[in-house]
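The next block is target_35.cif, given as mmCIF, C-alpha atoms.
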```cif
data_data
#
loop_
_atom_site.label_atom_id
_atom_site.label_comp_id
_atom_site.auth_asym_id
_atom_site.auth_seq_id
_atom_site.Cartn_x
_atom_site.Cartn_y
_atom_site.Cartn_z
CA MET A 702 -53.66 172.24 126.35
CA TYR A 703 -51.92 175.27 127.85
CA ALA A 704 -53.02 178.89 127.60
CA ASP A 705 -50.91 181.18 125.42
CA ARG A 706 -49.56 183.00 128.47
CA ILE A 707 -47.96 179.73 129.55
CA LYS A 708 -46.76 178.74 126.10
CA HIS A 709 -44.96 182.03 125.63
CA LEU A 710 -43.12 181.97 128.95
CA PRO A 711 -39.34 181.91 128.55
CA PRO A 712 -37.57 178.98 130.23
CA TYR A 713 -37.15 179.79 133.91
CA LEU A 714 -33.47 180.42 134.49
CA PHE A 715 -33.14 178.71 137.83
CA ALA A 716 -34.78 175.51 136.55
CA ALA A 717 -31.95 175.15 134.03
CA ILE A 718 -29.40 175.89 136.74
CA ASP A 719 -30.95 173.24 139.00
CA LYS A 720 -30.67 170.70 136.21
CA ALA A 721 -26.98 171.53 135.68
CA LYS A 722 -26.33 171.20 139.43
CA GLN A 723 -28.06 167.84 139.58
CA GLU A 724 -26.07 166.53 136.64
CA ALA A 725 -22.80 167.66 138.20
CA ARG A 726 -23.64 166.09 141.56
CA ALA A 727 -24.60 162.86 139.82
CA LYS A 728 -21.03 162.76 138.52
CA GLY A 729 -19.68 163.13 142.04
CA VAL A 730 -18.81 166.83 141.85
CA ASP A 731 -18.75 168.73 145.15
CA VAL A 732 -20.86 171.65 143.94
CA ILE A 733 -20.57 175.08 145.55
CA ASP A 734 -23.79 176.85 144.65
CA LEU A 735 -23.34 180.61 144.28
CA SER A 736 -26.31 180.99 141.95
CA VAL A 737 -29.28 181.80 144.21
CA GLY A 738 -29.74 184.58 146.75
CA ASP A 739 -31.23 182.41 149.48
CA PRO A 740 -29.62 183.25 152.86
CA ASP A 741 -27.87 180.31 154.49
CA LEU A 742 -27.81 181.98 157.91
CA PRO A 743 -30.62 180.90 160.26
CA THR A 744 -33.54 183.10 161.17
CA PRO A 745 -32.67 184.84 164.47
CA ALA A 746 -33.80 182.82 167.49
CA ARG A 747 -36.06 185.55 168.90
CA ILE A 748 -38.18 185.39 165.72
CA ILE A 749 -38.47 181.60 165.89
CA ARG A 750 -39.54 181.81 169.53
CA ALA A 751 -42.21 184.35 168.59
CA LEU A 752 -43.53 182.00 165.90
CA SER A 753 -43.66 179.11 168.37
CA ARG A 754 -45.73 181.14 170.82
CA ALA A 755 -48.02 182.51 168.11
CA ALA A 756 -48.64 179.09 166.54
CA LYS A 757 -50.24 177.99 169.83
CA ASP A 758 -52.74 180.86 169.73
CA PRO A 759 -56.08 179.48 168.42
CA SER A 760 -56.94 182.84 166.87
CA ASN A 761 -54.14 182.24 164.38
CA HIS A 762 -55.68 178.96 163.24
CA GLN A 763 -58.45 180.63 161.25
CA TYR A 764 -58.38 182.38 157.90
CA PRO A 765 -56.23 185.52 158.17
CA SER A 766 -57.46 188.79 156.70
CA TYR A 767 -56.07 189.53 153.25
CA GLU A 768 -54.80 193.00 154.28
CA GLY A 769 -52.88 191.64 157.27
CA LYS A 770 -53.25 192.18 160.99
CA LEU A 771 -53.32 195.81 162.03
CA THR A 772 -50.62 194.99 164.59
CA PHE A 773 -48.32 193.77 161.79
CA ARG A 774 -49.09 196.73 159.53
CA THR A 775 -48.41 199.07 162.45
CA ALA A 776 -45.06 197.35 163.03
CA VAL A 777 -44.21 197.90 159.36
CA ALA A 778 -45.14 201.57 159.65
CA ASP A 779 -43.08 201.94 162.83
CA TRP A 780 -40.09 200.26 161.13
CA TYR A 781 -40.33 202.62 158.15
CA LEU A 782 -40.39 205.61 160.46
CA GLN A 783 -37.39 204.37 162.41
CA THR A 784 -35.41 203.18 159.38
CA PHE A 785 -36.20 205.78 156.70
CA ASN A 786 -38.00 208.56 158.61
CA VAL A 787 -41.05 207.85 156.42
CA ALA A 788 -44.47 208.21 158.07
CA LEU A 789 -47.12 205.71 156.94
CA ASP A 790 -50.77 205.24 157.85
CA PRO A 791 -50.92 201.51 158.73
CA GLN A 792 -54.61 201.33 157.84
CA LYS A 793 -54.39 202.86 154.35
CA GLU A 794 -50.75 202.84 153.27
CA VAL A 795 -49.57 199.36 154.32
CA LEU A 796 -50.70 195.99 152.94
CA ALA A 797 -49.27 192.68 154.18
CA LEU A 798 -48.04 190.29 151.49
CA ILE A 799 -47.17 186.60 151.27
CA GLY A 800 -43.65 187.68 150.41
CA SER A 801 -43.03 190.67 148.15
CA LYS A 802 -43.04 188.46 145.02
CA GLU A 803 -46.76 187.88 145.48
CA GLY A 804 -47.51 191.61 145.54
CA ILE A 805 -45.24 192.33 142.56
CA ALA A 806 -46.96 189.61 140.54
CA HIS A 807 -50.43 190.90 141.45
CA ALA A 808 -49.75 194.61 140.92
CA PRO A 809 -50.02 194.78 137.09
CA PHE A 810 -53.49 193.21 137.22
CA ALA A 811 -54.70 196.25 139.14
CA PHE A 812 -53.34 198.87 136.73
CA ILE A 813 -52.62 197.30 133.34
CA ASN A 814 -55.26 196.75 130.67
CA PRO A 815 -54.49 194.60 127.62
CA GLY A 816 -52.07 196.50 125.40
CA ASP A 817 -50.96 198.98 128.06
CA LEU A 818 -47.24 199.63 128.48
CA ALA A 819 -45.07 198.97 131.52
CA LEU A 820 -41.49 200.25 131.81
CA VAL A 821 -39.31 197.35 132.94
CA PRO A 822 -35.55 197.35 133.66
CA ASP A 823 -33.18 194.92 131.98
CA PRO A 824 -31.38 193.01 133.44
CA ALA A 825 -33.88 192.46 136.23
CA TYR A 826 -35.82 190.10 138.42
CA PRO A 827 -37.86 188.14 135.82
CA VAL A 828 -41.20 188.58 137.62
CA TYR A 829 -41.51 192.24 136.53
CA ARG A 830 -41.73 191.29 132.88
CA THR A 831 -43.69 188.08 133.39
CA ALA A 832 -46.34 189.70 135.61
CA THR A 833 -46.81 192.48 133.07
CA ALA A 834 -47.30 189.96 130.27
CA PHE A 835 -49.73 187.88 132.36
CA ALA A 836 -51.87 191.00 132.80
CA GLY A 837 -51.92 191.53 129.03
CA GLY A 838 -49.49 194.44 129.11
CA GLU A 839 -46.47 195.11 126.95
CA PRO A 840 -43.12 195.39 128.74
CA VAL A 841 -40.93 198.19 127.40
CA ILE A 842 -37.29 197.64 128.25
CA MET A 843 -35.14 200.20 130.08
CA PRO A 844 -31.49 199.07 129.67
CA LEU A 845 -29.33 199.17 132.80
CA LEU A 846 -25.85 199.90 131.46
CA ARG A 847 -22.47 200.20 133.14
CA GLU A 848 -21.83 203.61 131.56
CA ASN A 849 -24.95 204.93 133.29
CA ARG A 850 -24.08 203.39 136.70
CA PHE A 851 -26.69 200.71 135.97
CA LEU A 852 -29.50 203.24 136.34
CA PRO A 853 -32.19 203.67 133.66
CA ASP A 854 -31.59 206.64 131.40
CA LEU A 855 -34.87 208.47 131.89
CA ASP A 856 -33.98 211.00 129.19
CA ALA A 857 -33.68 208.17 126.65
CA ILE A 858 -37.28 207.03 127.14
CA ASP A 859 -39.38 208.09 124.16
CA PRO A 860 -41.92 210.67 125.42
CA ALA A 861 -44.61 208.95 123.35
CA VAL A 862 -43.86 205.70 125.16
CA ALA A 863 -43.74 207.43 128.55
CA ARG A 864 -47.18 208.96 127.95
CA LYS A 865 -48.62 205.49 127.30
CA ALA A 866 -46.88 203.76 130.20
CA LYS A 867 -49.02 202.97 133.22
CA ILE A 868 -46.40 201.56 135.59
CA MET A 869 -42.63 201.32 136.01
CA PHE A 870 -40.78 198.63 137.92
CA LEU A 871 -37.44 199.43 139.56
CA ASN A 872 -35.26 197.78 142.18
CA TYR A 873 -32.46 199.47 144.18
CA PRO A 874 -30.32 198.13 145.72
CA ASN A 875 -30.45 196.02 142.60
CA ASN A 876 -30.77 192.33 141.93
CA PRO A 877 -28.88 191.01 139.97
CA ILE A 878 -26.38 193.85 139.60
CA GLY A 879 -25.77 195.00 143.18
CA ALA A 880 -25.98 198.66 142.09
CA SER A 881 -27.47 201.36 144.31
CA ALA A 882 -29.42 204.51 143.48
CA ASP A 883 -28.75 207.87 145.10
CA ARG A 884 -31.09 210.61 146.22
CA GLU A 885 -30.54 212.64 143.05
CA PHE A 886 -31.70 209.77 140.86
CA PHE A 887 -34.79 209.13 142.96
CA LYS A 888 -35.68 212.83 142.80
CA ARG A 889 -35.47 212.76 138.99
CA LEU A 890 -37.52 209.57 138.97
CA VAL A 891 -40.30 211.05 141.08
CA ASP A 892 -40.42 214.12 138.81
CA PHE A 893 -40.49 211.90 135.71
CA ALA A 894 -43.31 209.77 137.08
CA ARG A 895 -45.32 212.84 138.03
CA ASP A 896 -44.84 214.41 134.59
CA TYR A 897 -46.08 211.30 132.79
CA ASN A 898 -48.58 210.02 135.37
CA ILE A 899 -46.72 206.74 135.87
CA ILE A 900 -46.99 204.57 138.98
CA VAL A 901 -43.54 203.58 140.24
CA MET A 902 -43.35 200.08 141.71
CA HIS A 903 -40.10 200.12 143.67
CA ASP A 904 -38.86 196.73 144.88
CA ASN A 905 -36.62 197.23 147.92
CA PRO A 906 -35.92 193.91 149.71
CA TYR A 907 -32.16 194.50 149.99
CA SER A 908 -32.25 197.88 151.71
CA GLU A 909 -30.73 196.59 154.96
CA ILE A 910 -28.02 194.46 153.33
CA TYR A 911 -25.62 197.37 152.87
CA TYR A 912 -21.92 197.77 153.61
CA ASP A 913 -19.41 200.31 154.91
CA GLY A 914 -22.08 202.68 156.17
CA HIS A 915 -23.67 203.22 152.75
CA ARG A 916 -27.28 203.21 153.98
CA SER A 917 -29.76 202.40 151.25
CA LEU A 918 -32.68 204.70 150.54
CA SER A 919 -36.40 204.20 150.32
CA ILE A 920 -37.94 206.02 147.38
CA LEU A 921 -40.59 207.21 149.83
CA GLU A 922 -37.99 209.41 151.55
CA LEU A 923 -38.23 211.77 148.58
CA GLU A 924 -40.67 214.66 148.69
CA GLY A 925 -43.75 213.88 146.62
CA ALA A 926 -42.90 210.20 146.22
CA LYS A 927 -46.12 209.03 147.81
CA ASP A 928 -48.01 210.78 145.02
CA VAL A 929 -46.53 208.40 142.43
CA ALA A 930 -44.96 205.40 144.14
CA VAL A 931 -45.31 202.33 146.28
CA GLU A 932 -42.50 200.23 147.68
CA PHE A 933 -42.37 196.46 148.12
CA HIS A 934 -40.42 195.21 151.09
CA SER A 935 -39.76 191.78 152.47
CA LEU A 936 -38.40 190.26 155.65
CA SER A 937 -36.71 187.56 153.57
CA LYS A 938 -33.25 189.02 153.14
CA THR A 939 -33.07 191.31 156.18
CA TYR A 940 -33.91 188.60 158.71
CA ASN A 941 -33.06 185.40 156.77
CA MET A 942 -36.74 184.53 156.35
CA THR A 943 -37.06 183.55 152.68
CA GLY A 944 -39.10 180.47 153.52
CA TRP A 945 -41.49 182.31 155.81
CA ARG A 946 -43.13 184.30 152.98
CA ILE A 947 -43.95 187.63 154.54
CA GLY A 948 -43.57 191.18 153.31
CA ALA A 949 -45.55 194.34 152.61
CA VAL A 950 -46.29 196.97 150.01
CA VAL A 951 -46.41 200.53 151.31
CA GLY A 952 -46.91 204.05 150.01
CA ASN A 953 -49.60 205.61 147.83
CA SER A 954 -52.91 204.64 149.41
CA ASP A 955 -54.81 204.30 146.12
CA VAL A 956 -52.16 202.01 144.65
CA VAL A 957 -52.00 199.96 147.84
CA ALA A 958 -55.80 199.63 147.74
CA GLY A 959 -55.69 198.53 144.09
CA ILE A 960 -53.22 195.76 144.84
CA GLY A 961 -55.37 194.83 147.83
CA LYS A 962 -58.43 194.42 145.61
CA ILE A 963 -56.62 191.91 143.44
CA LYS A 964 -55.18 190.15 146.46
CA SER A 965 -58.53 189.82 148.22
CA ASN A 966 -59.92 187.91 145.24
CA ILE A 967 -56.97 185.52 144.98
CA ASP A 968 -55.69 184.60 148.44
CA SER A 969 -56.60 184.79 152.11
CA GLY A 970 -53.55 186.49 153.51
CA THR A 971 -50.46 185.53 155.49
CA PHE A 972 -50.67 182.98 158.32
CA GLY A 973 -51.31 184.95 161.51
CA ALA A 974 -48.49 183.32 163.47
CA VAL A 975 -46.00 184.32 160.75
CA GLN A 976 -47.27 187.90 161.01
CA ASP A 977 -46.70 187.82 164.77
CA ALA A 978 -43.18 186.54 164.17
CA GLY A 979 -42.77 189.31 161.62
CA ILE A 980 -43.61 191.85 164.30
CA ALA A 981 -40.85 190.38 166.45
CA ALA A 982 -38.45 190.68 163.51
CA LEU A 983 -39.33 194.30 162.79
CA ARG A 984 -38.91 195.19 166.45
CA SER A 985 -35.54 193.42 166.74
CA PRO A 986 -32.60 195.35 168.17
CA LYS A 987 -30.37 196.94 165.56
CA SER A 988 -27.61 194.55 166.60
CA VAL A 989 -29.49 191.60 165.06
CA VAL A 990 -29.17 192.95 161.52
CA ASP A 991 -25.71 194.39 162.18
CA LYS A 992 -24.48 190.88 162.98
CA ILE A 993 -25.93 189.46 159.76
CA ARG A 994 -24.51 192.33 157.72
CA LYS A 995 -21.04 191.79 159.18
CA VAL A 996 -20.98 188.18 157.96
CA TYR A 997 -22.06 189.18 154.47
CA ARG A 998 -19.53 191.98 154.25
CA HIS A 999 -16.68 189.55 154.98
CA ARG A 1000 -17.91 187.19 152.27
CA ILE A 1001 -18.24 190.03 149.76
CA GLU A 1002 -14.61 191.00 150.39
CA LEU A 1003 -13.37 187.43 149.92
CA LEU A 1004 -15.19 186.79 146.68
CA TYR A 1005 -14.69 190.29 145.26
CA HIS A 1006 -10.90 190.07 145.48
CA ALA A 1007 -10.88 186.53 144.12
CA LEU A 1008 -12.85 187.57 141.05
CA LEU A 1009 -10.60 190.59 140.52
CA ASP A 1010 -7.54 188.34 140.73
CA LEU A 1011 -9.15 186.15 138.09
CA GLY A 1012 -9.15 189.15 135.76
CA LEU A 1013 -12.88 189.79 135.75
CA GLU A 1014 -14.24 193.33 135.69
CA LEU A 1015 -16.56 194.25 138.55
CA GLU A 1016 -17.31 196.88 141.16
CA LYS A 1017 -17.60 196.16 144.84
CA PRO A 1018 -21.30 196.47 145.67
CA ARG A 1019 -22.49 198.88 148.33
CA ALA A 1020 -25.41 196.57 149.05
CA THR A 1021 -27.13 193.25 148.24
CA LEU A 1022 -25.88 189.67 148.28
CA TYR A 1023 -24.42 189.73 144.76
CA LEU A 1024 -21.32 190.37 142.72
CA TRP A 1025 -21.92 191.22 139.05
CA ALA A 1026 -18.85 190.37 137.00
CA TRP A 1027 -18.15 191.18 133.36
CA VAL A 1028 -16.81 188.07 131.65
CA GLY A 1029 -17.27 189.08 128.00
CA GLY A 1030 -18.79 186.74 125.46
CA SER A 1031 -21.47 184.23 126.34
CA SER A 1032 -22.47 184.24 129.99
CA ILE A 1033 -23.99 180.76 129.62
CA ASP A 1034 -20.73 179.37 128.22
CA TYR A 1035 -18.71 181.00 131.00
CA ALA A 1036 -21.00 179.62 133.70
CA ALA A 1037 -20.74 176.16 132.14
CA LYS A 1038 -16.94 176.40 132.05
CA LEU A 1039 -16.92 177.57 135.67
CA LEU A 1040 -18.98 174.58 136.77
CA ASP A 1041 -16.90 172.15 134.73
CA ARG A 1042 -13.52 173.40 135.96
CA THR A 1043 -14.28 174.36 139.56
CA GLY A 1044 -17.64 172.90 140.60
CA ILE A 1045 -18.90 176.44 141.25
CA VAL A 1046 -22.39 177.35 140.08
CA ALA A 1047 -23.03 180.99 139.15
CA THR A 1048 -25.89 182.61 137.27
CA PRO A 1049 -25.51 183.65 133.61
CA GLY A 1050 -26.47 187.30 133.33
CA VAL A 1051 -28.48 186.76 130.17
CA GLY A 1052 -31.02 184.91 132.29
CA PHE A 1053 -32.02 188.30 133.71
CA GLY A 1054 -32.47 189.87 130.27
CA GLN A 1055 -30.62 190.66 127.07
CA PHE A 1056 -28.59 193.46 128.67
CA GLY A 1057 -27.25 190.99 131.22
CA GLU A 1058 -25.33 189.15 128.51
CA GLY A 1059 -21.60 189.18 129.13
CA TYR A 1060 -22.07 189.23 132.91
CA VAL A 1061 -22.26 186.49 135.53
CA ARG A 1062 -23.85 186.91 138.96
CA PHE A 1063 -22.25 185.41 142.06
CA SER A 1064 -24.21 185.12 145.32
CA ILE A 1065 -22.63 185.01 148.79
CA THR A 1066 -25.37 182.92 150.44
CA GLN A 1067 -23.20 179.94 151.27
CA PRO A 1068 -21.40 179.34 154.59
CA THR A 1069 -18.19 181.35 154.85
CA ASN A 1070 -16.02 178.22 154.72
CA ARG A 1071 -17.64 177.34 151.37
CA ILE A 1072 -16.94 180.84 150.08
CA GLU A 1073 -13.32 180.32 151.12
CA GLN A 1074 -13.27 177.01 149.24
CA ALA A 1075 -14.73 178.74 146.20
CA VAL A 1076 -11.94 181.33 146.36
CA GLU A 1077 -9.37 178.51 146.38
CA ARG A 1078 -11.03 176.84 143.39
CA LEU A 1079 -11.11 180.07 141.40
CA GLU A 1080 -7.32 179.95 141.43
CA ARG A 1081 -7.67 177.06 138.95
CA MET A 1082 -9.31 179.38 136.43
CA LYS A 1083 -6.25 181.61 136.07
#
```
Using structure tokens, write down the structure that the file contains.
Amino acid sequence: MYADRIKHLPPYLFAAIDKAKQEARAKGVDVIDLSVGDPDLPTPARIIRALSRAAKDPSNHQYPSYEGKLTFRTAVADWYLQTFNVALDPQKEVLALIGSKEGIAHAPFAFINPGDLALVPDPAYPVYRTATAFAGGEPVIMPLLRENRFLPDLDAIDPAVARKAKIMFLNYPNNPIGASADREFFKRLVDFARDYNIIVMHDNPYSEIYYDGHRSLSILELEGAKDVAVEFHSLSKTYNMTGWRIGAVVGNSDVVAGIGKIKSNIDSGTFGAVQDAGIAALRSPKSVVDKIRKVYRHRIELLYHALLDLGLELEKPRATLYLWAWVGGSSIDYAAKLLDRTGIVATPGVGFGQFGEGYVRFSITQPTNRIEQAVERLERMK
């Protein structure tokens, strides 16, 4: 009945986690879910008010354009200039998306022919590999290892493979690891992509969830990056808008146009009122995000020290909503033991790829009092 592309899909990690949560709750367990990076904090009120006003505008009740309103794309360009000092042409270098996942999933169809190679990190957001396979491409794994600061070793990529690769997916600050990339790495990456004529698809939804003044970079800040790269960004994590489904891809105009051609044949764009609310988000005072970041930083500190006290090996992340802890052995078995003994749900690292085995990811997207309860329960694991 099903096409081969469906038959060959690996089991979706979070479906298995949902099943385990449901079974635990059915037994009366008070589950603390630290498995998914879905912000618990509400969307700021000013954004909700903007949506309410925009939803009453009849012009937003019709089909939206697939590329997004020019007013929204201009707001994205203005935000990039203010945040990263990156100048973008809103008409050619910005495309609105129904959340960045949509654009990431569509991108390989624009640039991958059957049998073409795509360089994909591991561990990583599963959509990079799945989207490549859906387009008929072959994912080539780039291991993200602790000894290399969880950055891909560009020198270890076989030149013959690099010459055949059409695209490369990367994501810093990183999900699931929480690692960040510095300017030196991005410079080497841009040079590598230029040498081998590879399009870099940089996924950057966590750029504003950083701590202790360690501002995250956009790859487009690097000289020459627009020649080889686009960047996917989302309002989901920055403004607690995961359910709103709005983001953008920006950068190289030809790559943006290619993704737009796929998009225009598949969907009709983002609801206009959500775009108007997105404008309000992007034009929010700096204090709005500072307040959100302060809450997350406190939670990171709580959970980080609790996991250290438990004897796990991990580094305090400079950004993201995640702690990536080395547990040794089977990550699935450890996550099962954690749920059984404490009622805490965490994500087995192997669900993000083979090089995630031995790690478990903890998210901080639960109310602070629940994080505090989780810390108390972790004492039982000692």
Nearby residues (all atoms listed in the file) at most 9 Å from A:Val1076, same-chain spacing under 5 positions excluded, as a list in words: Leu1003, Leu1004, His1006, Ala1007, Leu1008 and Arg1071 of chain A
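Among the candidate residues A:Asp1034, A:Thr772, A:Tyr829, A:Ile947, the one lying nearest to A:Glu1058 is A:Asp1034, with distances computed using only C-alpha atoms.
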Might you spell out which residues the PyMOL selection byres ((chain A and resi 1039-1052) around 6) would select in the displayed file, as a VMD selection string? chain A and resid 714 732 to 736 1032 to 1033 1036 to 1038 1053 to 1055 1057 to 1058 1060 to 1063 1078
Enumerate, as a ChimeraX atom specification, the residues matched when the PyMOL selection byres ((chain A and resi 1012-1025) around 6) is run on the file above. /A:878-879,907,910-912,1008-1011,1026-1028,1061-1065
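For A:Val950, the non-local neighbours within 7 Å, defined as residues at least 2 positions apart in the same chain or in other chains and counting all atoms listed in the file, are Val795, Leu796, Ala797, Val931, Glu932, Phe933, His934 and Val957 of chain A.
Using only C-alpha atoms, the shortest contact distance between A:Gln1074 and any of A:Arg747, A:Arg1000, A:Thr833, A:Ser954 is found at A:Arg1000.
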Please, what is the axis-aligned box for every listed atom of stretch 874-878 of chain A with 4 Å on each side, as centre and edge lengths in Å to one decimal, as AutoDock Vina command-line options?
```
--center_x -28.6 --center_y 194.6 --center_z 142.7 --size_x 12.4 --size_y 15.1 --size_z 14.1
```
Hits from the PyMOL selection byres ((chain A and resi 893) around 12), listed as a PyMOL selection string: chain A and resi 853-858+860+863-864+866+868-869+886-892+894-901+925-926+929-930
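Across the structure, atom CA of A:Lys865 and atom CA of A:Tyr826 are spaced 22.9 Å apart.
Atom to atom, atom CA of A:Ile748 and atom CA of A:Lys793 stand 26.4 Å apart.
Between atom CA of A:Glu839 and atom CA of A:Val862 the separation is 11.1 Å.
Nearest residue to A:Thr1069, choosing from A:Pro712, A:Asp817, A:Leu742, A:Tyr873 and counting only C-alpha atoms: A:Leu742.
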Can you tell me, as a count of residues only, what residues are no more than 10 Å from A:Tyr781 when counting all atoms listed in the file, ignoring any on the same chain fewer than 5 positions away? 11
Selection near A:Trp945, 12 Å with all atoms listed in the file, sequence-local residues under 2 positions removed, as a ChimeraX atom specification: /A:743-744,748-749,752,798-801,935-938,940-943,947-948,971-979,982
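Among the candidates A:Leu710, A:Glu924, A:Glu909, A:Pro824, the residue lying nearest to A:Arg847 is A:Pro824 (atoms considered: only C-alpha atoms).
For the residues A:Gly769, A:Val737, A:Gly804, A:His762, ranking by smallest atom-to-atom distance to A:Lys964 using all atoms listed in the file places A:Gly804 first.
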With all atoms listed in the file as the counted atoms, please give the residues lying no more than 7 Å from A:Ser766, apart from itself and same-chain residues fewer than 4 positions off, as number ranges by chain. A: 770, 969-970
Distance criterion (only C-alpha atoms): nearest to A:Val777 out of A:Ala949, A:Ser753, A:Arg850, A:Met702: A:Ala949
